[in-house]
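Structure, as structure tokens:
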Amino acid sequence: MAADQPHSRPKPQPPREIPGVGAVLAVASGKGGVGKSTTAVNLALGLAALGKKVAILDADIYGPSIPRMLGLGGQTPEAVDRKITPLEAFGIKAMSMGSIIPGDEPVVWRGPMVTSALDQMLRGVTWGDLDVLVVDFPPGTGDAHLSMTQKVPFVGAVIVSTPQDIALLDAKKGAAMFEKVGVPILGWIENMSYFNCPHCGERSDIFGHGGAKHMAEETGMTFLGEIPLDIRIRKTSDDGTPIVASDPDGDHAQAYRAIAAKVAAKLG
């Protein structure tokens with residue numbers, strides 16, 4: 001009797017294109033609480049201001065925040081011919097579990113359900129023709145991240161971090177995850193980089209300063225820019241009027257738009 005042949009593992013299927021979508025861009029941090037979603041929304045709006053057709057996918061199933069930030073709370077996307085029509089705000093399209101499940105209802109799902117929901121929100125949505133689909137990744141480096149990067153042809157990832165060492169450690173892990181699965185890092189953004197007192201004008205580096213720039217240089221990556229810690233950015237996000245849309249000529253919006261221009265150049 002012939003010896004049993006070892007079972008060969010099936011080769012993973014290459015990522016499938018999303019019809020009509022030109023480039024899929026990941027925005028990630030590895031750690032929660034660093035303003036990643038605020039950055040993702042304003043980056044998407046910055047790309048739209050450059051004339052791009054843009055949509056944003058909120059991939060954080062457990063803690064979706066994009067509907068609130070875009071003023072879409074209480075609105076529910078419609079389904080037409082078994083396809084979901086994304087909501088729209090400020091000239092960009094948006095899809096989030098927060099628009100399907102009421103905001104005060106927790107999502108208590110195991111990993112396979114999360115990955116299935118993400119796949120449905122990616123491929124079961126009528127995106128139309130898009131230049132860029134921005135995917136706001138959840139914190140961490142778990143099942144959802146691995147599943148998304150295996151199934152979706154990401155052109156690159158942008159890493160968001162605050163300057164302090166604890167945040168940078170997790171952000172570095174997030175960057176390493178993308179590199180392991182073959183997704184190039186387009187650059188780093190330092191959020192909450194510094195604070196200018198609105199009363200006295202004095203600058204304070206509350207979380208330190210320059211950590212993300214140093215990390216980018218240390219790893220041979222691009223530093224895309226820095227965004228300050230400012231109450232106007234926080235308030236406009238909470239109010240559903242992100243600062244790139246509500247104050248497009250202000251200093252903070254210009255900072256986001258400058259970063260968007262660098263990202264657009266990398267996307268080609």
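Residues in the structure tokens are numbered from 1 in each chain, the chains being A, B, ... in the order shown, and ligands are numbered from 1 in the order shown.
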Tell me which protein, DNA and RNA residues are within 8 Å of A:Ala157, counting only C-alpha atoms, leaving out same-chain ones fewer than 6 positions away, and put them as an mmCIF file with N, CA and C atoms, in the first residue's frame.
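The result, stored in around01.cif:
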data_model
loop_
_atom_site.group_PDB
_atom_site.id
_atom_site.type_symbol
_atom_site.label_atom_id
_atom_site.label_comp_id
_atom_site.auth_asym_id
_atom_site.auth_seq_id
_atom_site.Cartn_x
_atom_site.Cartn_y
_atom_site.Cartn_z
ATOM 1 N N LEU A 25 -8.257 52.217 0.182
ATOM 2 C CA LEU A 25 -7.243 52.750 1.083
ATOM 3 C C LEU A 25 -7.607 52.436 2.523
ATOM 4 N N ALA A 26 -6.689 51.843 3.275
ATOM 5 C CA ALA A 26 -6.909 51.547 4.688
ATOM 6 C C ALA A 26 -6.391 52.695 5.544
ATOM 7 N N VAL A 27 -7.170 53.060 6.565
ATOM 8 C CA VAL A 27 -6.708 54.000 7.587
ATOM 9 C C VAL A 27 -6.754 53.241 8.909
ATOM 10 N N ALA A 28 -5.607 53.091 9.546
ATOM 11 C CA ALA A 28 -5.511 52.230 10.726
ATOM 12 C C ALA A 28 -4.609 52.863 11.774
ATOM 13 N N PHE A 178 0.175 45.095 8.195
ATOM 14 C CA PHE A 178 -0.077 45.379 6.777
ATOM 15 C C PHE A 178 1.099 44.939 5.917
ATOM 16 N N VAL A 183 0.478 44.731 2.062
ATOM 17 C CA VAL A 183 -0.154 46.028 1.818
ATOM 18 C C VAL A 183 0.865 47.110 2.153
ATOM 19 N N PRO A 184 1.265 47.918 1.185
ATOM 20 C CA PRO A 184 2.286 48.934 1.458
ATOM 21 C C PRO A 184 1.781 50.045 2.373
ATOM 22 N N ILE A 185 2.655 50.585 3.197
ATOM 23 C CA ILE A 185 2.329 51.717 4.056
ATOM 24 C C ILE A 185 2.596 53.001 3.265
ATOM 25 N N LEU A 186 1.557 53.793 3.053
ATOM 26 C CA LEU A 186 1.720 55.032 2.298
ATOM 27 C C LEU A 186 2.290 56.152 3.159
ATOM 28 N N GLY A 187 2.143 56.018 4.473
ATOM 29 C CA GLY A 187 2.712 57.034 5.337
ATOM 30 C C GLY A 187 2.064 57.078 6.704
#
How close does each residue of stretch 131-238 of chain A get to stretch 12-23 of chain A, giving the shortest atom pair and distance in Å to one decimal for every residue with an atom at most 6 Å away, counting only C-alpha atoms, sorted by chain and residue number, as a tab-separated table?
residue	atom	partner	partner_atom	distance
A:Asp131	CA	A:Gly22	CA	4.7
A:Val132	CA	A:Ala23	CA	4.8
A:Gln150	CA	A:Pro15	CA	5.9
A:Lys151	CA	A:Pro15	CA	4.4
A:Val152	CA	A:Pro15	CA	4.9
A:Pro153	CA	A:Pro15	CA	5.2
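Nearest to A:Tyr194 of all the residues A:Pro228, A:Gly98, A:Gly210, A:Gly220 is A:Pro228, based on only C-alpha atoms.
Residues of stretch 145-207 of chain A that DSSP, applied to the backbone, places in alpha helix (DSSP H): His145, Leu146, Ser147, Met148, Thr149, Gln150, Lys151, Asp165, Ile166, Ala167, Leu168, Leu169, Asp170, Ala171, Lys172, Lys173, Gly174, Ala175, Ala176, Met177, Phe178, Glu179 and Lys180 of chain A.
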Might you pull out every residue within 12 Å of A:Ala79, with only C-alpha atoms counted and same-chain residues fewer than 6 positions away left off, and present them as a ChimeraX atom specification? /A:85-87,100,121,124-126
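Separating atom CA of A:Lys52 from atom CA of A:Ile243 is a distance of 18.2 Å.
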One number please: atom CA of A:Leu43 to atom CA of A:Ala260, in Å, one decimal. 5.6 Å
Applying 10 Å and only C-alpha atoms, which residues near A:Ala59 remain after dropping the ones on its own chain fewer than 4 positions away? List them as a count of residues only. 24
Of the candidates A:Pro242, A:Asp230, A:Pro112, A:Gly201, which shows the shortest atom-to-atom distance to A:Ser147, using only C-alpha atoms? A:Pro112
